[in-house]
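**Q** I am sharing protein_16.pdb, which consists of PDB, C-alpha atoms:
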ATOM      1  CA  MET C 271       0.000   0.000   0.000  1.00  0.00           C
ATOM      2  CA  ARG C 272       2.751   2.375   0.936  1.00  0.00           C
ATOM      3  CA  ASP C 273       4.311   2.117  -2.541  1.00  0.00           C
ATOM      4  CA  GLY C 274       0.953   2.700  -4.241  1.00  0.00           C
ATOM      5  CA  ILE C 275       0.248   5.992  -2.500  1.00  0.00           C
ATOM      6  CA  ALA C 276       3.808   7.163  -1.848  1.00  0.00           C
ATOM      7  CA  ASP C 277       3.295  10.348  -3.891  1.00  0.00           C
ATOM      8  CA  GLU C 278       0.525  11.545  -1.565  1.00  0.00           C
ATOM      9  CA  GLN C 279       0.935  13.410   1.724  1.00  0.00           C
ATOM     10  CA  VAL C 280      -0.436  10.582   3.834  1.00  0.00           C
ATOM     11  CA  LEU C 281       0.469   8.567   6.904  1.00  0.00           C
ATOM     12  CA  VAL C 282       0.425   4.829   6.156  1.00  0.00           C
ATOM     13  CA  ARG C 283       0.581   2.237   8.915  1.00  0.00           C
ATOM     14  CA  ASP C 284       0.499  -1.141   7.207  1.00  0.00           C
ATOM     15  CA  LYS C 285       1.460  -4.756   7.610  1.00  0.00           C
ATOM     16  CA  ALA C 286       2.181  -6.799   4.512  1.00  0.00           C
ATOM     17  CA  GLY C 287       2.306 -10.566   4.364  1.00  0.00           C
ATOM     18  CA  TRP C 288       2.573 -13.424   1.923  1.00  0.00           C
ATOM     19  CA  ILE C 289       2.601 -17.171   1.613  1.00  0.00           C
ATOM     20  CA  SER C 290       4.088 -19.238  -1.209  1.00  0.00           C
ATOM     21  CA  GLU C 291       4.235 -22.885  -0.216  1.00  0.00           C
ATOM     22  CA  ASP C 292       2.388 -26.184  -0.464  1.00  0.00           C
ATOM     23  CA  GLY C 293       0.024 -24.892  -3.152  1.00  0.00           C
ATOM     24  CA  TYR C 294      -1.042 -21.853  -1.112  1.00  0.00           C
ATOM     25  CA  TYR C 295      -0.260 -18.485  -2.670  1.00  0.00           C
ATOM     26  CA  SER C 296      -1.161 -15.034  -1.423  1.00  0.00           C
ATOM     27  CA  THR C 297       0.246 -11.527  -1.235  1.00  0.00           C
ATOM     28  CA  CYS C 298      -1.637  -9.216   1.146  1.00  0.00           C
ATOM     29  CA  ASP C 299      -1.340  -5.794   2.724  1.00  0.00           C
ATOM     30  CA  ALA C 300      -3.620  -4.142   5.269  1.00  0.00           C
ATOM     31  CA  GLY C 301      -3.472  -1.032   7.370  1.00  0.00           C
ATOM     32  CA  LEU C 302      -4.588   2.449   8.273  1.00  0.00           C
ATOM     33  CA  ILE C 303      -4.188   5.466   6.024  1.00  0.00           C
ATOM     34  CA  GLY C 304      -4.398   8.957   7.482  1.00  0.00           C
ATOM     35  CA  ILE C 305      -4.979  12.042   5.346  1.00  0.00           C
ATOM     36  CA  ASP C 306      -6.600  15.436   5.990  1.00  0.00           C
ATOM     37  CA  GLY C 307      -7.764  14.437   9.467  1.00  0.00           C
ATOM     38  CA  CYS C 308      -9.503  11.264   8.220  1.00  0.00           C
ATOM     39  CA  THR C 309      -8.415   7.682   8.764  1.00  0.00           C
ATOM     40  CA  TYR C 310      -9.219   4.930   6.281  1.00  0.00           C
ATOM     41  CA  VAL C 311      -8.875   1.173   6.670  1.00  0.00           C
ATOM     42  CA  MET C 312      -7.578  -0.649   3.599  1.00  0.00           C
ATOM     43  CA  SER C 313      -6.923  -4.298   2.879  1.00  0.00           C
ATOM     44  CA  VAL C 314      -5.614  -5.700  -0.400  1.00  0.00           C
ATOM     45  CA  MET C 315      -5.459  -9.467  -0.841  1.00  0.00           C
ATOM     46  CA  THR C 316      -4.374 -11.381  -3.931  1.00  0.00           C
ATOM     47  CA  SER C 317      -3.932 -15.035  -4.820  1.00  0.00           C
ATOM     48  CA  MET C 318      -0.490 -14.336  -6.293  1.00  0.00           C
ATOM     49  CA  PRO C 319       2.686 -15.771  -4.761  1.00  0.00           C
ATOM     50  CA  TRP C 320       5.031 -13.103  -3.427  1.00  0.00           C
ATOM     51  CA  SER C 321       7.229 -11.569  -6.110  1.00  0.00           C
ATOM     52  CA  ASP C 322       8.175  -8.161  -7.442  1.00  0.00           C
ATOM     53  CA  ARG C 323       5.144  -8.474  -9.740  1.00  0.00           C
ATOM     54  CA  SER C 324       2.692  -9.224  -6.913  1.00  0.00           C
ATOM     55  CA  SER C 325       4.077  -6.247  -4.979  1.00  0.00           C
ATOM     56  CA  GLU C 326       3.510  -4.036  -8.030  1.00  0.00           C
ATOM     57  CA  VAL C 327      -0.058  -5.339  -8.463  1.00  0.00           C
ATOM     58  CA  THR C 328      -0.816  -4.735  -4.776  1.00  0.00           C
ATOM     59  CA  ALA C 329       0.488  -1.163  -5.085  1.00  0.00           C
ATOM     60  CA  VAL C 330      -1.669  -0.508  -8.186  1.00  0.00           C
ATOM     61  CA  ILE C 331      -4.778  -1.825  -6.420  1.00  0.00           C
ATOM     62  CA  ALA C 332      -4.027   0.290  -3.335  1.00  0.00           C
ATOM     63  CA  LYS C 333      -3.571   3.411  -5.476  1.00  0.00           C
ATOM     64  CA  ALA C 334      -6.886   2.786  -7.273  1.00  0.00           C
ATOM     65  CA  LEU C 335      -8.732   2.330  -3.963  1.00  0.00           C
ATOM     66  CA  PHE C 336      -7.075   5.387  -2.461  1.00  0.00           C
ATOM     67  CA  ASP C 337      -8.001   7.503  -5.484  1.00  0.00           C
ATOM     68  CA  MET C 338     -11.627   6.347  -5.137  1.00  0.00           C
ATOM     69  CA  ARG C 339     -11.904   7.126  -1.400  1.00  0.00           C
ATOM     70  CA  ALA C 340     -14.309  10.068  -1.857  1.00  0.00           C
ATOM     71  CA  ALA C 341     -16.663   8.008  -4.023  1.00  0.00           C
ATOM     72  CA  LEU C 342     -16.550   5.070  -1.594  1.00  0.00           C
ATOM     73  CA  ALA C 343     -17.258   7.151   1.535  1.00  0.00           C
TER      74      ALA C 343
END
Produce structure tokens that represent the structure in this file.

**A**
Amino acid sequence: MRDGIADEQVLVRDKAGWISEDGYYSTCDAGLIGIDGCTYVMSVMTSMPWSDRSSEVTAVIAKALFDMRAALA
């Protein structure tokens, strides 16, 4: 998430995680995002094994959600 919204003036408190073993694959990130006195909860979960590509996809999803925050409120 942090990489997806790094260009914004926001406070990101997140915890990423992943699993890539025994047929189970997931790259996830969840946390709190603070901007302009508001706090948002965000969670991004994929079924991709951890890799540079899954990190990029997670960042793109986080950026899209962040950009849509006014419409989702």

**Q** How far is it from atom CA of C:Gly301 to atom CA of C:Leu342, in Å with one decimal?

**A** 17.0 Å

**Q** If you apply the PyMOL selection byres ((chain C and resi 335-339) around 9) to this file, what residues do you get, as a list in words?

**A**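 Selected by the PyMOL selection byres ((chain C and resi 335-339) around 9) here: Gly274, Ile275, Ile303, Tyr310, Met312, Val330, Ile331, Ala332, Lys333, Ala334, Ala340, Ala341, Leu342 and Ala343 of chain C.
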
**Q** So how many Å separate atom CA of C:Met318 and atom CA of C:Ile305, to one decimal?

**A**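 Here the two named atoms are 29.2 Å from each other.
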
**Q** Tell me which of C:Trp320, C:Val311, C:Ser325, C:Gln279 sits closest to C:Tyr294, counting all atoms listed in the file.

**A** C:Trp320

**Q** Mind giving me the straight-line distance from atom CA of C:Ser321 to atom CA of C:Trp288 in Å, one decimal?

**A**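 Between these atoms lies a distance of 9.5 Å.
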
**Q** Smallest atom-to-atom distance to C:Ser296: which of C:Cys308, C:Ala329, C:Val280, C:Met315, using all atoms listed in the file?

**A**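 Of C:Cys308, C:Ala329, C:Val280, C:Met315, the one nearest C:Ser296 is C:Met315, counting all atoms listed in the file.
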